[in-house]
$ cat query_6.txt   # compact mmCIF, C-alpha atoms
# COMPACT_ATOMS: atom_id res chain seq x y z
CA MET A 20 92.22 -180.19 42.41
CA ASP A 21 90.21 -178.10 44.87
CA ILE A 22 87.23 -176.87 42.87
CA SER A 23 85.43 -175.27 45.79
CA GLN A 24 86.85 -171.83 44.97
CA ASN A 25 85.46 -171.87 41.41
CA THR A 26 82.12 -170.83 39.98
CA PHE A 27 80.66 -173.29 37.48
CA ILE A 28 77.84 -173.37 34.98
CA VAL A 29 76.59 -176.80 33.95
CA VAL A 30 75.01 -176.78 30.48
CA GLY A 31 72.22 -179.32 30.04
CA THR A 32 69.65 -180.70 32.48
CA GLY A 33 69.81 -184.33 31.35
CA ILE A 34 71.33 -187.23 33.29
CA SER A 35 74.93 -186.03 32.85
CA GLY A 36 74.13 -182.42 33.74
CA ILE A 37 72.29 -183.36 36.91
CA ALA A 38 75.07 -185.74 38.01
CA ALA A 39 77.72 -183.07 37.37
CA THR A 40 75.72 -180.50 39.34
CA GLU A 41 75.32 -182.88 42.26
CA LEU A 42 79.07 -183.53 42.37
CA LEU A 43 79.89 -179.81 42.25
CA LEU A 44 77.54 -179.13 45.14
CA LYS A 45 79.13 -181.91 47.19
CA ARG A 46 82.55 -180.38 46.54
CA GLY A 47 81.44 -176.97 47.74
CA ALA A 48 81.55 -175.14 44.40
CA LYS A 49 79.22 -172.34 43.38
CA VAL A 50 77.16 -173.72 40.48
CA TYR A 51 74.48 -172.59 38.03
CA LEU A 52 72.51 -175.00 35.85
CA TYR A 53 71.55 -173.90 32.33
CA ASP A 54 69.15 -175.18 29.69
CA SER A 55 68.43 -173.65 26.29
CA ASN A 56 64.76 -174.62 26.53
CA ALA A 57 62.90 -171.50 27.64
CA CYS A 58 59.83 -173.63 28.39
CA LEU A 59 61.56 -176.02 30.75
CA ASP A 60 59.57 -176.54 33.95
CA VAL A 61 62.16 -175.59 36.58
CA ALA A 62 59.94 -176.66 39.46
CA GLU A 63 59.51 -180.08 37.91
CA VAL A 64 63.27 -180.51 37.46
CA LYS A 65 63.93 -179.61 41.09
CA ALA A 66 61.10 -181.83 42.32
CA LYS A 67 62.57 -184.73 40.38
CA HIS A 68 66.07 -183.99 41.69
CA PRO A 69 65.77 -182.61 45.26
CA SER A 70 69.55 -182.67 45.64
CA ILE A 71 69.84 -179.64 43.34
CA ALA A 72 66.97 -177.67 44.87
CA SER A 73 69.34 -174.87 45.92
CA VAL A 74 70.77 -174.37 42.43
CA GLU A 75 69.64 -171.47 40.26
CA ILE A 76 68.49 -172.80 36.88
CA LEU A 77 68.96 -170.41 33.97
CA LEU A 78 66.87 -170.77 30.83
CA GLU A 79 67.65 -169.69 27.26
CA GLN A 80 70.05 -166.86 28.22
CA VAL A 81 72.90 -166.45 30.70
CA PRO A 82 72.66 -162.98 32.30
CA GLN A 83 75.78 -160.86 32.03
CA ASP A 84 76.08 -160.50 35.80
CA VAL A 85 76.24 -164.30 36.03
CA MET A 86 78.54 -164.65 33.00
CA SER A 87 81.07 -162.31 34.58
CA THR A 88 81.41 -164.58 37.64
CA LEU A 89 81.99 -167.86 35.81
CA ASP A 90 85.29 -169.76 35.87
CA ILE A 91 84.37 -173.09 34.26
CA ALA A 92 81.54 -174.32 32.02
CA VAL A 93 80.73 -178.05 32.16
CA LEU A 94 79.03 -179.19 28.95
CA SER A 95 76.77 -182.22 28.79
CA PRO A 96 77.69 -184.58 25.90
CA GLY A 97 74.69 -183.52 23.81
CA VAL A 98 75.77 -179.88 23.75
CA PRO A 99 77.73 -178.95 20.57
CA THR A 100 80.97 -177.12 21.23
CA ASP A 101 80.42 -174.60 18.42
CA ILE A 102 77.09 -173.05 19.49
CA PRO A 103 77.06 -169.30 20.24
CA LEU A 104 76.86 -169.78 24.01
CA VAL A 105 80.01 -171.92 24.07
CA GLU A 106 81.78 -169.46 21.78
CA THR A 107 80.89 -166.73 24.27
CA PHE A 108 82.41 -168.79 27.08
CA ARG A 109 85.62 -169.05 25.07
CA THR A 110 85.86 -165.35 24.29
CA LYS A 111 85.41 -164.53 27.98
CA GLY A 112 88.16 -166.92 29.02
CA ILE A 113 85.83 -169.37 30.74
CA ALA A 114 87.33 -172.87 30.75
CA ILE A 115 85.26 -175.50 28.95
CA TRP A 116 85.05 -178.98 30.44
CA GLY A 117 82.84 -181.97 29.89
CA GLU A 118 81.26 -184.16 32.54
CA ILE A 119 84.05 -186.70 31.95
CA GLU A 120 86.72 -184.07 32.63
CA LEU A 121 85.00 -182.96 35.83
CA ALA A 122 84.85 -186.55 37.08
CA TYR A 123 88.48 -187.17 36.19
CA VAL A 124 89.65 -184.03 38.02
CA CYS A 125 87.66 -184.97 41.12
CA GLY A 126 88.12 -188.74 41.02
CA LYS A 127 90.67 -191.35 42.04
CA GLY A 128 91.82 -194.73 40.74
CA ARG A 129 93.02 -196.05 37.39
CA ILE A 130 91.04 -195.70 34.17
CA ALA A 131 90.55 -197.94 31.15
CA ALA A 132 88.72 -195.99 28.44
CA ILE A 133 87.12 -197.24 25.23
CA THR A 134 86.01 -195.28 22.19
CA GLY A 135 85.27 -196.05 18.54
CA THR A 136 82.34 -195.80 16.19
CA ASN A 137 81.00 -199.27 16.92
CA GLY A 138 81.48 -201.91 19.58
CA LYS A 139 82.04 -199.49 22.49
CA THR A 140 79.23 -200.74 24.69
CA THR A 141 79.98 -204.44 24.19
CA THR A 142 83.71 -203.94 24.76
CA THR A 143 83.16 -201.71 27.79
CA SER A 144 80.74 -204.23 29.30
CA LEU A 145 83.14 -207.08 28.58
CA VAL A 146 86.13 -205.27 30.09
CA GLY A 147 84.06 -204.40 33.15
CA HIS A 148 82.89 -208.01 33.46
CA ILE A 149 86.42 -209.41 33.26
CA MET A 150 87.93 -206.85 35.64
CA SER A 151 85.13 -207.31 38.19
CA GLY A 152 86.24 -210.94 38.50
CA TYR A 153 89.69 -209.81 39.64
CA PHE A 154 89.64 -206.32 41.17
CA SER A 155 87.70 -205.53 44.33
CA GLN A 156 86.11 -202.32 43.06
CA VAL A 157 85.28 -201.74 39.40
CA LYS A 158 82.98 -198.98 38.13
CA VAL A 159 81.63 -199.08 34.56
CA VAL A 160 80.65 -195.56 33.48
CA GLY A 161 80.31 -193.05 30.68
CA ASN A 162 78.38 -193.31 27.45
CA ILE A 163 77.13 -196.71 28.57
CA GLY A 164 74.51 -194.86 30.64
CA ILE A 165 76.06 -194.21 34.07
CA PRO A 166 77.56 -190.71 34.46
CA TYR A 167 81.19 -190.83 35.59
CA THR A 168 80.46 -187.99 38.04
CA ARG A 169 77.85 -190.13 39.76
CA VAL A 170 80.44 -192.63 41.09
CA VAL A 171 83.29 -190.23 41.92
CA ASP A 172 82.61 -190.13 45.66
CA GLU A 173 82.83 -193.94 45.82
CA LEU A 174 86.30 -194.10 44.24
CA THR A 175 89.56 -194.81 46.07
CA GLU A 176 93.13 -195.09 44.85
CA GLU A 177 92.51 -198.82 44.42
CA SER A 178 89.46 -198.36 42.20
CA VAL A 179 89.34 -199.27 38.54
CA VAL A 180 87.10 -197.23 36.25
CA VAL A 181 86.05 -198.67 32.90
CA ALA A 182 84.66 -195.85 30.75
CA GLU A 183 82.86 -195.86 27.43
CA ILE A 184 83.72 -192.49 25.90
CA SER A 185 81.93 -191.00 22.90
CA SER A 186 83.36 -188.48 20.47
CA PHE A 187 81.05 -185.88 22.04
CA GLN A 188 82.62 -186.51 25.45
CA LEU A 189 86.15 -186.45 24.08
CA GLU A 190 85.62 -182.98 22.60
CA THR A 191 85.48 -181.57 26.13
CA ALA A 192 88.13 -183.74 27.81
CA VAL A 193 91.08 -181.53 28.79
CA THR A 194 93.40 -183.46 31.14
CA PHE A 195 91.60 -186.84 31.04
CA ALA A 196 94.30 -189.53 30.86
CA PRO A 197 93.42 -193.23 30.92
CA LYS A 198 96.03 -195.80 31.90
CA VAL A 199 94.82 -197.94 29.00
CA SER A 200 92.83 -196.62 26.03
CA ALA A 201 91.27 -198.33 23.04
CA ILE A 202 89.98 -197.04 19.72
CA LEU A 203 88.01 -199.91 18.22
CA ASN A 204 87.33 -198.51 14.75
CA ILE A 205 86.44 -195.26 12.98
CA THR A 206 83.73 -195.09 10.33
CA PRO A 207 81.50 -192.12 9.36
CA ASP A 208 79.08 -191.12 12.12
CA HIS A 209 77.75 -187.98 13.81
CA LEU A 210 78.85 -185.80 10.89
CA ASN A 211 75.92 -183.50 11.63
CA ARG A 212 77.76 -182.70 14.89
CA HIS A 213 81.42 -182.87 13.83
CA HIS A 214 80.82 -181.52 10.28
CA THR A 215 83.81 -183.28 8.70
CA MET A 216 85.29 -186.75 8.92
CA GLU A 217 88.61 -185.17 9.85
CA ASN A 218 87.04 -183.54 12.92
CA TYR A 219 85.40 -186.81 13.91
CA ILE A 220 88.66 -188.75 13.60
CA ALA A 221 90.51 -186.10 15.61
CA ALA A 222 87.92 -186.34 18.38
CA LYS A 223 88.27 -190.11 18.61
CA GLU A 224 92.07 -190.04 18.52
CA SER A 225 92.18 -187.43 21.28
CA ILE A 226 91.51 -190.18 23.85
CA THR A 227 95.30 -190.71 23.75
CA LYS A 228 96.43 -187.08 23.97
CA ASN A 229 97.30 -187.06 27.68
CA GLN A 230 98.71 -190.58 27.90
CA GLY A 231 102.40 -191.01 28.61
CA PRO A 232 104.95 -193.52 27.28
CA GLU A 233 104.19 -195.87 30.19
CA ASP A 234 100.53 -196.09 29.16
CA ILE A 235 98.87 -198.39 26.59
CA CYS A 236 96.71 -197.77 23.53
CA VAL A 237 94.84 -200.65 21.86
CA LEU A 238 94.05 -200.17 18.16
CA ASN A 239 92.33 -202.00 15.32
CA TYR A 240 95.00 -202.99 12.78
CA ASN A 241 92.34 -203.45 10.08
CA ASP A 242 91.44 -199.75 10.28
CA ALA A 243 93.94 -197.94 8.05
CA VAL A 244 93.47 -194.64 9.88
CA LEU A 245 94.18 -196.24 13.25
CA ARG A 246 97.08 -198.32 11.96
CA ALA A 247 98.78 -195.15 10.74
CA PHE A 248 97.85 -193.28 13.91
CA GLY A 249 99.45 -195.95 16.08
CA ALA A 250 102.82 -195.35 14.41
CA THR A 251 102.79 -191.78 15.74
CA LEU A 252 102.10 -192.57 19.40
CA PRO A 253 104.68 -192.46 22.20
CA GLN A 254 102.81 -194.96 24.38
CA LYS A 255 102.86 -198.73 23.94
CA VAL A 256 100.50 -199.69 21.08
CA ILE A 257 98.82 -203.09 20.91
CA TYR A 258 97.07 -203.98 17.65
CA PHE A 259 94.35 -206.55 17.04
CA SER A 260 93.05 -207.94 13.76
CA SER A 261 90.16 -210.18 12.74
CA THR A 262 91.58 -210.84 9.27
CA GLU A 263 95.39 -210.73 9.34
CA GLU A 264 98.01 -212.77 11.15
CA LEU A 265 100.10 -210.25 13.08
CA CYS A 266 103.76 -210.52 14.05
CA GLU A 267 102.93 -208.46 17.16
CA GLY A 268 99.37 -208.29 18.44
CA LEU A 269 96.15 -210.26 18.74
CA TYR A 270 94.49 -212.02 15.83
CA VAL A 271 92.04 -214.79 14.96
CA LYS A 272 93.15 -217.92 13.14
CA ASP A 273 91.15 -221.12 12.72
CA LYS A 274 88.60 -219.94 15.29
CA GLU A 275 91.35 -219.33 17.87
CA ILE A 276 92.29 -215.95 19.34
CA LEU A 277 96.07 -215.78 19.47
CA TRP A 278 98.48 -213.20 20.86
CA ALA A 279 101.87 -212.80 19.22
CA ARG A 280 104.31 -210.91 21.42
CA ASP A 281 107.96 -211.02 22.35
CA GLY A 282 108.66 -213.64 19.69
CA LYS A 283 106.07 -216.10 21.02
CA THR A 284 102.46 -216.86 20.04
CA LEU A 285 100.10 -217.59 22.91
CA PRO A 286 96.68 -219.21 22.29
CA ILE A 287 94.07 -217.38 24.38
CA ILE A 288 90.63 -218.86 23.67
CA SER A 289 88.58 -220.52 20.94
CA VAL A 290 85.78 -218.28 19.69
CA ASP A 291 83.45 -221.26 20.11
CA GLU A 292 83.93 -220.99 23.88
CA MET A 293 82.46 -217.47 23.93
CA GLN A 294 78.78 -216.55 24.00
CA ILE A 295 79.15 -213.59 21.62
CA LEU A 296 79.04 -214.15 17.87
CA GLY A 297 80.47 -212.55 14.75
CA ALA A 298 83.82 -211.15 13.63
CA HIS A 299 83.02 -207.74 15.13
CA ASN A 300 82.60 -209.37 18.55
CA TYR A 301 85.88 -211.23 18.16
CA GLU A 302 87.47 -207.80 17.62
CA ASN A 303 85.75 -206.54 20.77
CA ALA A 304 87.07 -209.57 22.66
CA MET A 305 90.64 -209.01 21.45
CA ALA A 306 90.50 -205.36 22.50
CA ALA A 307 89.20 -206.44 25.91
CA ILE A 308 92.00 -209.01 26.31
CA ALA A 309 94.67 -206.40 25.58
CA MET A 310 93.08 -203.81 27.87
CA CYS A 311 92.61 -206.17 30.82
CA ASP A 312 96.13 -207.52 30.44
CA GLY A 313 97.41 -203.94 30.38
CA MET A 314 95.57 -203.24 33.63
CA GLY A 315 97.21 -206.23 35.31
CA VAL A 316 94.49 -208.90 35.11
CA PRO A 317 96.01 -212.43 34.96
CA MET A 318 95.22 -214.33 31.76
CA ASP A 319 93.24 -217.09 33.47
CA TYR A 320 90.83 -214.47 34.84
CA ILE A 321 90.57 -212.91 31.38
CA VAL A 322 89.72 -216.25 29.77
CA GLU A 323 87.11 -217.06 32.40
CA GLY A 324 85.50 -213.65 31.85
CA LEU A 325 85.41 -214.23 28.10
CA ARG A 326 83.68 -217.57 28.60
CA THR A 327 80.99 -216.24 30.94
CA PHE A 328 80.18 -212.90 29.28
CA GLN A 329 76.79 -212.64 27.59
CA ALA A 330 75.78 -210.38 24.70
CA VAL A 331 74.74 -206.79 25.38
CA GLU A 332 71.05 -205.95 25.14
CA HIS A 333 69.97 -204.32 21.84
CA ARG A 334 73.05 -205.55 19.95
CA ILE A 335 72.05 -208.41 17.62
CA GLU A 336 69.93 -209.67 20.52
CA TYR A 337 67.80 -212.75 19.88
CA VAL A 338 64.21 -212.03 20.91
CA CYS A 339 62.08 -215.08 20.09
CA LYS A 340 60.59 -217.17 17.30
CA LYS A 341 57.09 -216.74 15.91
CA ARG A 342 55.81 -219.17 13.24
CA GLY A 343 59.38 -220.38 12.83
CA ILE A 344 60.62 -216.83 12.10
CA ALA A 345 63.52 -215.64 14.30
CA PHE A 346 63.40 -212.03 15.50
CA TYR A 347 66.57 -210.08 16.35
CA ASN A 348 66.86 -206.69 18.05
CA ASP A 349 69.86 -204.69 16.84
CA SER A 350 68.50 -201.28 17.82
CA LYS A 351 72.02 -200.25 18.80
CA GLY A 352 72.93 -200.42 15.11
CA THR A 353 72.62 -196.63 14.92
CA ASN A 354 74.90 -196.07 11.92
CA PRO A 355 75.52 -197.90 8.63
CA ASP A 356 78.73 -199.62 9.72
CA ALA A 357 77.10 -201.06 12.85
CA ALA A 358 74.10 -202.16 10.80
CA ILE A 359 76.38 -203.93 8.30
CA LYS A 360 77.68 -206.04 11.18
CA GLY A 361 74.10 -206.90 12.07
CA ILE A 362 73.42 -208.16 8.56
CA LEU A 363 76.66 -210.13 8.42
CA ALA A 364 75.73 -211.88 11.68
CA MET A 365 72.50 -213.25 10.16
CA ASN A 366 72.77 -216.83 8.89
CA ARG A 367 69.49 -216.91 6.93
CA ARG A 368 67.31 -214.84 4.61
CA THR A 369 66.26 -211.74 6.49
CA VAL A 370 63.58 -209.08 6.40
CA LEU A 371 65.34 -205.92 7.58
CA ILE A 372 63.74 -202.96 9.38
CA GLY A 373 65.77 -199.76 8.99
CA GLY A 374 65.59 -195.98 9.03
CA GLY A 375 65.32 -193.26 11.66
CA TYR A 376 66.93 -189.92 12.44
CA ASP A 377 69.22 -188.41 9.80
CA LYS A 378 72.82 -188.00 11.05
CA GLU A 379 73.92 -187.12 7.50
CA SER A 380 75.24 -190.64 6.96
CA THR A 381 75.55 -192.29 3.57
CA TYR A 382 74.05 -195.74 3.05
CA ASP A 383 75.83 -197.13 -0.02
CA GLU A 384 78.00 -199.67 1.78
CA TRP A 385 75.07 -200.78 3.92
CA ILE A 386 72.91 -201.45 0.86
CA GLU A 387 75.79 -203.21 -0.87
CA SER A 388 76.17 -205.54 2.11
CA PHE A 389 72.65 -206.93 1.59
CA GLY A 390 73.75 -209.40 -1.10
CA ASP A 391 71.20 -212.22 -1.32
CA LYS A 392 70.61 -212.14 2.43
CA VAL A 393 68.10 -209.26 2.69
CA LYS A 394 64.72 -210.34 1.33
CA LYS A 395 62.96 -207.03 1.93
CA LEU A 396 63.78 -203.70 3.53
CA VAL A 397 61.05 -202.03 5.61
CA LEU A 398 61.83 -198.34 6.12
CA ILE A 399 60.64 -195.94 8.82
CA GLY A 400 61.54 -192.49 10.07
CA GLN A 401 63.09 -189.35 8.67
CA THR A 402 65.60 -191.15 6.46
CA ARG A 403 63.28 -193.58 4.71
CA GLU A 404 63.12 -191.72 1.38
CA LYS A 405 66.87 -191.08 1.43
CA ILE A 406 67.62 -194.75 2.06
CA ALA A 407 65.09 -195.85 -0.56
CA ALA A 408 66.75 -193.64 -3.17
CA CYS A 409 70.14 -195.10 -2.28
CA ALA A 410 68.78 -198.65 -2.45
CA LYS A 411 67.23 -198.00 -5.86
CA ALA A 412 70.50 -196.54 -7.14
CA HIS A 413 72.19 -199.82 -6.18
CA GLY A 414 69.53 -201.92 -7.87
CA PHE A 415 67.74 -202.99 -4.68
CA THR A 416 64.02 -202.31 -5.11
CA GLU A 417 62.54 -204.67 -2.52
CA TYR A 418 61.71 -201.91 -0.06
CA VAL A 419 58.50 -200.62 1.46
CA PHE A 420 57.63 -197.72 3.79
CA ALA A 421 55.93 -197.94 7.18
CA ASP A 422 54.66 -195.11 9.34
CA SER A 423 55.59 -196.66 12.67
CA LEU A 424 57.80 -199.36 14.12
CA GLU A 425 54.75 -201.46 14.91
CA GLU A 426 53.55 -201.26 11.30
CA ALA A 427 57.06 -202.17 10.12
CA ILE A 428 57.03 -205.26 12.35
CA ASP A 429 53.63 -206.29 11.00
CA ILE A 430 54.87 -205.95 7.41
CA ALA A 431 58.03 -207.90 8.19
CA TYR A 432 56.03 -210.65 9.90
CA GLU A 433 53.74 -210.98 6.88
CA THR A 434 56.72 -211.03 4.49
CA ALA A 435 58.98 -213.54 6.24
CA VAL A 436 58.39 -217.28 6.08
CA PRO A 437 59.44 -220.03 8.51
CA GLY A 438 63.21 -220.44 8.56
CA GLU A 439 63.84 -216.73 7.84
CA ALA A 440 64.61 -213.86 10.21
CA VAL A 441 63.35 -210.38 10.96
CA LEU A 442 66.10 -207.98 12.02
CA LEU A 443 65.68 -204.48 13.46
CA SER A 444 69.00 -202.84 12.57
CA PRO A 445 68.15 -199.25 11.65
CA ALA A 446 71.52 -197.79 10.54
CA CYS A 447 70.15 -194.54 12.02
CA ALA A 448 69.70 -192.88 15.39
CA SER A 449 66.38 -193.19 17.19
CA TRP A 450 65.71 -189.52 17.87
CA GLY A 451 62.49 -188.07 16.55
CA MET A 452 60.50 -191.29 16.96
CA PHE A 453 61.97 -192.53 20.25
CA ASP A 454 63.83 -191.15 23.26
CA ASN A 455 66.83 -193.39 22.60
CA TYR A 456 67.84 -196.67 20.97
CA GLU A 457 67.00 -198.57 24.17
CA GLN A 458 63.38 -197.45 24.02
CA ARG A 459 63.24 -198.37 20.33
CA GLY A 460 64.61 -201.83 21.08
CA ASP A 461 62.32 -202.37 24.04
CA ILE A 462 59.24 -201.45 22.00
CA PHE A 463 60.40 -203.80 19.25
CA LYS A 464 60.80 -206.70 21.67
CA GLU A 465 57.51 -206.08 23.45
CA TYR A 466 55.55 -205.86 20.19
CA VAL A 467 57.26 -208.92 18.67
CA ARG A 468 56.46 -211.03 21.73
CA SER A 469 52.80 -210.00 21.44
CA LEU A 470 52.50 -211.18 17.82
CA LYS A 471 49.89 -213.89 17.28
CA GLU A 472 51.10 -217.21 15.89
$ encode --input "query_6.txt" --output "structure tokens"
Amino acid sequence: MDISQNTFIVVGTGISGIAATELLLKRGAKVYLYDSNACLDVAEVKAKHPSIASVEILLEQVPQDVMSTLDIAVLSPGVPTDIPLVETFRTKGIAIWGEIELAYVCGKGRIAAITGTNGKTTTTSLVGHIMSGYFSQVKVVGNIGIPYTRVVDELTEESVVVAEISSFQLETAVTFAPKVSAILNITPDHLNRHHTMENYIAAKESITKNQGPEDICVLNYNDAVLRAFGATLPQKVIYFSSTEELCEGLYVKDKEILWARDGKTLPIISVDEMQILGAHNYENAMAAIAMCDGMGVPMDYIVEGLRTFQAVEHRIEYVCKKRGIAFYNDSKGTNPDAAIKGILAMNRRTVLIGGGYDKESTYDEWIESFGDKVKKLVLIGQTREKIAACAKAHGFTEYVFADSLEEAIDIAYETAVPGEAVLLSPACASWGMFDNYEQRGDIFKEYVRSLKE
């Protein structure tokens, strides 16, 4: 598509917005950049990003004379699609895209796209790792931290793009059509943005909406919503399961990942050969196997990639031992379901650090997963009282409040004894106290390593 004849407005001056603006300028389009923050230092933004120095940056309001010229609005992932500005775009007939849609329209190559509530980053990284061992040019992009628009000019018809796609990004995908898609799981998350679980599910499932019958969708058989959804799809569906032996699909039995298809059962790899642990990671591995196979990677390359892949930072990441106490960073456990997986991965009594930004999640299942494993819960952030009330309602009273992450670590260190663990697995987003979960995890690791023995 030739976008040079269109006038765009990019909403949001974060990493995605800047990358989208840069791509539009390269393609010769007229572009405005908008931010709702009236106090944004425009000169500072342009000094930081000289490539957009020629772009007019609009703050707080979009003037009517500008609005009347617009053809397409490109929303950054953090911009809700139901705010008044976006509603105005709709009423004026301005097309609404996301950064992912812009990259797809301008880009080349084949796409493997992963979504789901949990496991996206690990699976995306694993798929990228495996495919990089076989294809000559692989780009790993999206919610993993690299804007898709940033790599578009490097893509050729032979390129393979592996994209981690969030529900926010899927809301604004119009024609985006991956060759292979995967939905890893769907559990409650981001309900403050999507408002209802039905909306959230619909956003996740929309990753398949433009796929054709020749394309592939990989789904978690253990997720009842996805199992039912798969029965409605025209494309080829491949299921995986960590608990059930499937007649068709991938599953785990006696520590072996197996693939039943076409009347035969093929052993792929023993989970003991991989460097990632836990049933949730075996699910991620099975999804990666199906996706890479669907993209044409030979099985011996897939197995080698599974053997050599190492765990993603901030996801049940071992930090160090102090006084015989093992510290684990699971800062990427930003919702209750992800945090449950963190607890289940622990093989010893654990002091748990939780709490953070309130995404309107409920914490009952998380608390119930503690069993005898969680010795004490140290709570921080906006949700600490809410989580404490939930814990008390479930009969768990071994909780204490801390005013900072550092204080929480100190309390956990004093509480744990040699042979036990301290786990940061917040079940909440990081916003409010930290810029992102990476910063939260980095601070945790740095402070833990500084603890005196």
$ residues_near_point --input "query_6.txt" --point "(72.8, -220.6, 11.0)" --cutoff "12 Å" --atoms "only C-alpha atoms" --output "list in words"
Leu296, Gly297, Ala345, Leu363, Ala364, Met365, Asn366, Arg367, Arg368, Thr369, Gly438, Glu439 and Ala440 of chain A
$ atom_distance --input "query_6.txt" --atom1 "CA of Ile335 in chain A" --atom2 "CA of Val441 in chain A"
11.1 Å
$ closest_atom_pairs --input "query_6.txt" --of "range 189-261 of chain A" --to "range 302-320 of chain A" --cutoff "12 Å" --atoms "all atoms listed in the file" --output "Markdown table"
| residue | atom | partner | partner_atom | distance |
| --- | --- | --- | --- | --- |
| A:Pro197 | CA | A:Met314 | CA | 10.6 |
| A:Lys198 | CA | A:Met314 | CA | 7.7 |
| A:Val199 | CA | A:Met310 | CA | 6.2 |
| A:Ser200 | CA | A:Met310 | CA | 7.4 |
| A:Ala201 | CA | A:Ala306 | CA | 7.1 |
| A:Ile202 | CA | A:Ala306 | CA | 8.8 |
| A:Leu203 | CA | A:Ala306 | CA | 7.4 |
| A:Asn204 | CA | A:Glu302 | CA | 9.7 |
| A:Glu233 | CA | A:Gly313 | CA | 10.5 |
| A:Asp234 | CA | A:Gly313 | CA | 8.5 |
| A:Ile235 | CA | A:Gly313 | CA | 6.9 |
| A:Cys236 | CA | A:Met310 | CA | 8.3 |
| A:Val237 | CA | A:Ala306 | CA | 6.4 |
| A:Leu238 | CA | A:Ala306 | CA | 7.6 |
| A:Asn239 | CA | A:Glu302 | CA | 7.9 |
| A:Tyr240 | CA | A:Glu302 | CA | 10.2 |
| A:Asn241 | CA | A:Glu302 | CA | 10.0 |
| A:Asp242 | CA | A:Glu302 | CA | 11.6 |
| A:Lys255 | CA | A:Gly313 | CA | 9.9 |
| A:Val256 | CA | A:Ala309 | CA | 10.0 |
| A:Ile257 | CA | A:Ala309 | CA | 7.1 |
| A:Tyr258 | CA | A:Ala306 | CA | 8.3 |
| A:Phe259 | CA | A:Met305 | CA | 6.3 |
| A:Ser260 | CA | A:Glu302 | CA | 6.8 |
| A:Ser261 | CA | A:Glu302 | CA | 6.1 |
$ write_last_selection --input "query_6.txt" --atoms "C-alpha atoms" --output "PDB file, in the frame of the given file"
ATOM      1  CA  PRO A 197      93.420-193.230  30.920  1.00  0.00           C
ATOM      2  CA  LYS A 198      96.030-195.800  31.900  1.00  0.00           C
ATOM      3  CA  VAL A 199      94.820-197.940  29.000  1.00  0.00           C
ATOM      4  CA  SER A 200      92.830-196.620  26.030  1.00  0.00           C
ATOM      5  CA  ALA A 201      91.270-198.330  23.040  1.00  0.00           C
ATOM      6  CA  ILE A 202      89.980-197.040  19.720  1.00  0.00           C
ATOM      7  CA  LEU A 203      88.010-199.910  18.220  1.00  0.00           C
ATOM      8  CA  ASN A 204      87.330-198.510  14.750  1.00  0.00           C
ATOM      9  CA  GLU A 233     104.190-195.870  30.190  1.00  0.00           C
ATOM     10  CA  ASP A 234     100.530-196.090  29.160  1.00  0.00           C
ATOM     11  CA  ILE A 235      98.870-198.390  26.590  1.00  0.00           C
ATOM     12  CA  CYS A 236      96.710-197.770  23.530  1.00  0.00           C
ATOM     13  CA  VAL A 237      94.840-200.650  21.860  1.00  0.00           C
ATOM     14  CA  LEU A 238      94.050-200.170  18.160  1.00  0.00           C
ATOM     15  CA  ASN A 239      92.330-202.000  15.320  1.00  0.00           C
ATOM     16  CA  TYR A 240      95.000-202.990  12.780  1.00  0.00           C
ATOM     17  CA  ASN A 241      92.340-203.450  10.080  1.00  0.00           C
ATOM     18  CA  ASP A 242      91.440-199.750  10.280  1.00  0.00           C
ATOM     19  CA  LYS A 255     102.860-198.730  23.940  1.00  0.00           C
ATOM     20  CA  VAL A 256     100.500-199.690  21.080  1.00  0.00           C
ATOM     21  CA  ILE A 257      98.820-203.090  20.910  1.00  0.00           C
ATOM     22  CA  TYR A 258      97.070-203.980  17.650  1.00  0.00           C
ATOM     23  CA  PHE A 259      94.350-206.550  17.040  1.00  0.00           C
ATOM     24  CA  SER A 260      93.050-207.940  13.760  1.00  0.00           C
ATOM     25  CA  SER A 261      90.160-210.180  12.740  1.00  0.00           C
TER      26      SER A 261
END
$ closest_residue --input "query_6.txt" --among "A:Ser151, A:Val181, A:Leu121, A:Leu443" --to "Ile163 in chain A" --atoms "all atoms listed in the file"
A:Val181
$ atom_distance --input "query_6.txt" --atom1 "CA of Ala114 in chain A" --atom2 "CA of Arg169 in chain A"
21.7 Å
$ residues_around --input "query_6.txt" --residues "range 126-136 of chain A" --least-positions-apart "2" --cutoff "9 Å" --atoms "only C-alpha atoms" --output "PyMOL selection string"
chain A and resi 121-124+138-140+142-143+146+168+170-186+196-208+223-224+226+310-311+314+354+356-357
$ residues_around --input "query_6.txt" --residues "Tyr337 in chain A" --least-positions-apart "2" --cutoff "10 Å" --atoms "all atoms listed in the file" --output "ChimeraX atom specification"
/A:330,332-335,339-340,345-349,442,464
$ atom_distance --input "query_6.txt" --atom1 "CA of Ala279 in chain A" --atom2 "CA of Pro232 in chain A"
21.1 Å
$ closest_residue --input "query_6.txt" --among "A:His413, A:Ile399, A:Ser444, A:Thr434" --to "Ile362 in chain A" --atoms "all atoms listed in the file"
A:Ser444
